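Undergrad: Please read through the structure below; I'll follow up with questions.
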Amino acid sequence: MADNGLGSSNQESTLIRQNNLECKNLYDYLKTRPPNILEKLYNHPTICLAVYRELPELARQYVIRILFVDQPVPQAVVASWGSQAFSKEHVYVSKVLSELSVWQEATIPGGLLGWILSPTFKKNLKVALLGGGKAWSMSSALEADSKARDVTFLDAYSLERWECVLHYMVGSQQQEGISADAVRILLHAGLMKRDEDDGSPVITRQGFQFLLLDRQAQVWHFLLQYLDTVEERGLDLVECLTFLFQLSFSTLGKRKAGRFYPTRLALNITNSQNKNTPDIEEDTPKGYIVVETNYRVYAYTDSNLQVALIGLFTELMYRFPNLVVGVITRDSVRQALRGGITADQIIGYLKQHAHVQMLHAENRQPLPPTVVDQIKLWELERNRLTYNEGVLYSQFLSQADFNVLKEYAQTNGSLIWYNKERRTLVINKSAHDDVKKFLEEIF
């Protein structure tokens with residue numbers, strides 16, 4: 001019996017294997033933090049409130065019901081608050097509350113196990129919900145502001161600053177004003193990488209996916225990447241997180257302690273429960289894309305950034321002062337897929353920015369179903385083959401030896417392919433060492 005290394009070439013494997021952008025929500029991020037960090041964070045009512053409103057609905061019900069209970073509540077009692085049909089949801093939210101250190105197990109007299117809220121979280125959530133505590137202020141007195149900024153100015157400013165980052169990513173000509181620090185964050189996040197030839201930053205497949213996210217998700221993901229670097233900068237993670245949460249509860253356009261104005265980019269950055277929160281005025285209320293059944297795309301915009309985003313998955317044909325015409329083709333979609341963009345992201349972007357006339361159509365569908373189906377078919381066409389690295393086993397001395405190894409690999413889920421007549425099989429490369437040990441034990 002002999003084994004030969006068998007795997008796909010690096011180029012083909014990289015081409016097919018999708019390295020999707022990992023977008024963490026508040027729960028995904030906080031559950032990776034150590035308990036001592038969570039304990040420090042829960043000393044601030046704003047963070048407790050932000051964590052509470054991001055919990056699943058069932059978890060929020062549990063927290064409210066035991067918020068004013070000073071002794072552990074039996075776990076069986078908590079489980080009885082919901083229907084047996086939702087037992088899986090109960091197990092899940094119990095896990096969420098435990099991983100976030102919102103509640104903890106406690107022993108009840110008689111040996112029963114119960115749940116009790118973390119004292120720090122409990123105390124400060126009460127402050128957030130019922131009032132009290134200290135007002136957030138960065139100075140002792142608030143002087144009259146001689147340079148007041150209205151909401152319209154703040155919307156325009158925040159839109160211009162954020163689009164500056166996006167322009168830099170797509171490589172458009174409007175790249176002035178981005179800071180070196182922002183470029184470092186983009187590189188750290190894997191949204192851009194250094195070109196092998198000239199060393200200049202170029203966008204990655206994760207970067208393409210990032211561009212098609214909604215604005216709130218983009219800002220939150222960017223902030224998480226920044227938080228990964230705070231310790232290298234000599235900053236305290238708890239202080240940075242506390243500041244961001246406090247800022248997210250600020251009032252739009254109200255200058256804080258005479259020092260700065262919060263914009264819409266900072267408001268509700270962690271609030272995924274309410275997607276109806278108004279975003280930048282120029283960004284979401286007015287759709288600008290019309291898609292026809294002949295795959296023509298009409299974008300009523302003069303924004304270079306929006307034109308660049310449309311060009312990621314269409315072939316641009318004409319451009320006028322306030323209109324861009326393109327067409328969705330098999331080649332343009334495949335080019336987007338090679339860049340890491342998925343069919344669902346393309347469809348989602350077109351729906352998100354659909355022109356108001358498309359929403360008022362008779363069928364009330366923002367996109368023609370034929371176009372949606374064809375984009376998905378083009379993706380399936382490309383994903384007909386998958387590549388796995390494996391090890392080839394052949395030249396078995398008997399059919400019995402072949403069957404023993406095949407059954408072992410099937411049981412462990414490491415069998416990729418086999419041919420009974422030729423006594424040949426392929427094992428997942430990651431399980432190669434375990435299979436070798438198994439062979440040494442039985443032969």
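For the structure tokens, the naming scheme is as follows: chains receive sequential letters (A, B, ...) according to their order of presentation, residues are indexed from 1 within each chain, and ligands are indexed from 1 in presentation order.
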Can you pull out the residues contacting Asn322 in chain A? Cut-off 7 Å, using only C-alpha atoms, and skip same-chain residues under 2 positions away; I want them as a ChimeraX atom specification.
TA: /A:300-302,320
Undergrad: Go ahead and write the residues just picked, all heavy atoms, as a compact mmCIF listing (two decimals), in the first residue's frame.
TA:
# COMPACT_ATOMS: atom_id res chain seq x y z
N TYR A 300 -28.82 56.72 -11.69
CA TYR A 300 -29.00 58.18 -11.72
C TYR A 300 -28.16 58.80 -10.61
O TYR A 300 -28.64 59.06 -9.49
CB TYR A 300 -30.48 58.53 -11.56
CG TYR A 300 -31.33 58.07 -12.72
CD1 TYR A 300 -31.89 56.80 -12.73
CD2 TYR A 300 -31.55 58.91 -13.81
CE1 TYR A 300 -32.66 56.37 -13.81
CE2 TYR A 300 -32.32 58.49 -14.89
CZ TYR A 300 -32.87 57.22 -14.88
OH TYR A 300 -33.64 56.81 -15.96
N THR A 301 -26.91 59.03 -10.89
CA THR A 301 -25.98 59.55 -9.90
C THR A 301 -24.82 60.26 -10.59
O THR A 301 -24.49 59.96 -11.75
CB THR A 301 -25.43 58.41 -9.02
OG1 THR A 301 -24.51 58.95 -8.07
CG2 THR A 301 -24.69 57.37 -9.85
N ASP A 302 -24.22 61.20 -9.87
CA ASP A 302 -23.00 61.84 -10.34
C ASP A 302 -21.84 61.55 -9.39
O ASP A 302 -20.78 62.17 -9.48
CB ASP A 302 -23.20 63.36 -10.47
CG ASP A 302 -23.66 63.99 -9.17
OD1 ASP A 302 -23.81 63.27 -8.17
OD2 ASP A 302 -23.86 65.23 -9.15
N PHE A 320 -23.18 60.01 -18.46
CA PHE A 320 -23.63 61.37 -18.66
C PHE A 320 -23.47 62.13 -17.34
O PHE A 320 -23.11 61.54 -16.31
CB PHE A 320 -25.09 61.36 -19.12
CG PHE A 320 -25.31 60.59 -20.38
CD1 PHE A 320 -25.78 59.27 -20.34
CD2 PHE A 320 -25.02 61.15 -21.62
CE1 PHE A 320 -25.97 58.54 -21.50
CE2 PHE A 320 -25.20 60.42 -22.79
CZ PHE A 320 -25.68 59.13 -22.74
Undergrad: Check range 193-418 of chain A with DSSP on the backbone and list each residue it calls strand (DSSP E), as a VMD selection string.
TA: chain A and resid 193 to 194 201 to 203 289 to 291 296 to 299 315 to 320 323 to 327 390 to 394 415 to 418
Undergrad: Kindly provide the residues of range 315-434 of chain A that approach range 211-229 of chain A to within 8 Å, each paired with its closest atom pair and their distance in Å to one decimal, based on only C-alpha atoms, listed by chain and increasing number, as a Markdown table.
TA:
| residue | atom | partner | partner_atom | distance |
| --- | --- | --- | --- | --- |
| A:Gln345 | CA | A:Leu212 | CA | 6.6 |
| A:Ile346 | CA | A:Leu212 | CA | 7.7 |
| A:Tyr349 | CA | A:Leu212 | CA | 6.2 |
Undergrad: Calculated over only C-alpha atoms, which of the candidates A:Ala128, A:Leu323, A:Ile47, A:Val435 has the smallest distance to Val102 in chain A?
TA: A:Ile47
Undergrad: Need the shell around Gly207 in chain A: protein/DNA/RNA residues with any atom at most 8 Å away, counting only C-alpha atoms. Skip same-chain ones fewer than 4 positions apart. Format as a ChimeraX atom specification?
TA: /A:21,169,190-192,203,211
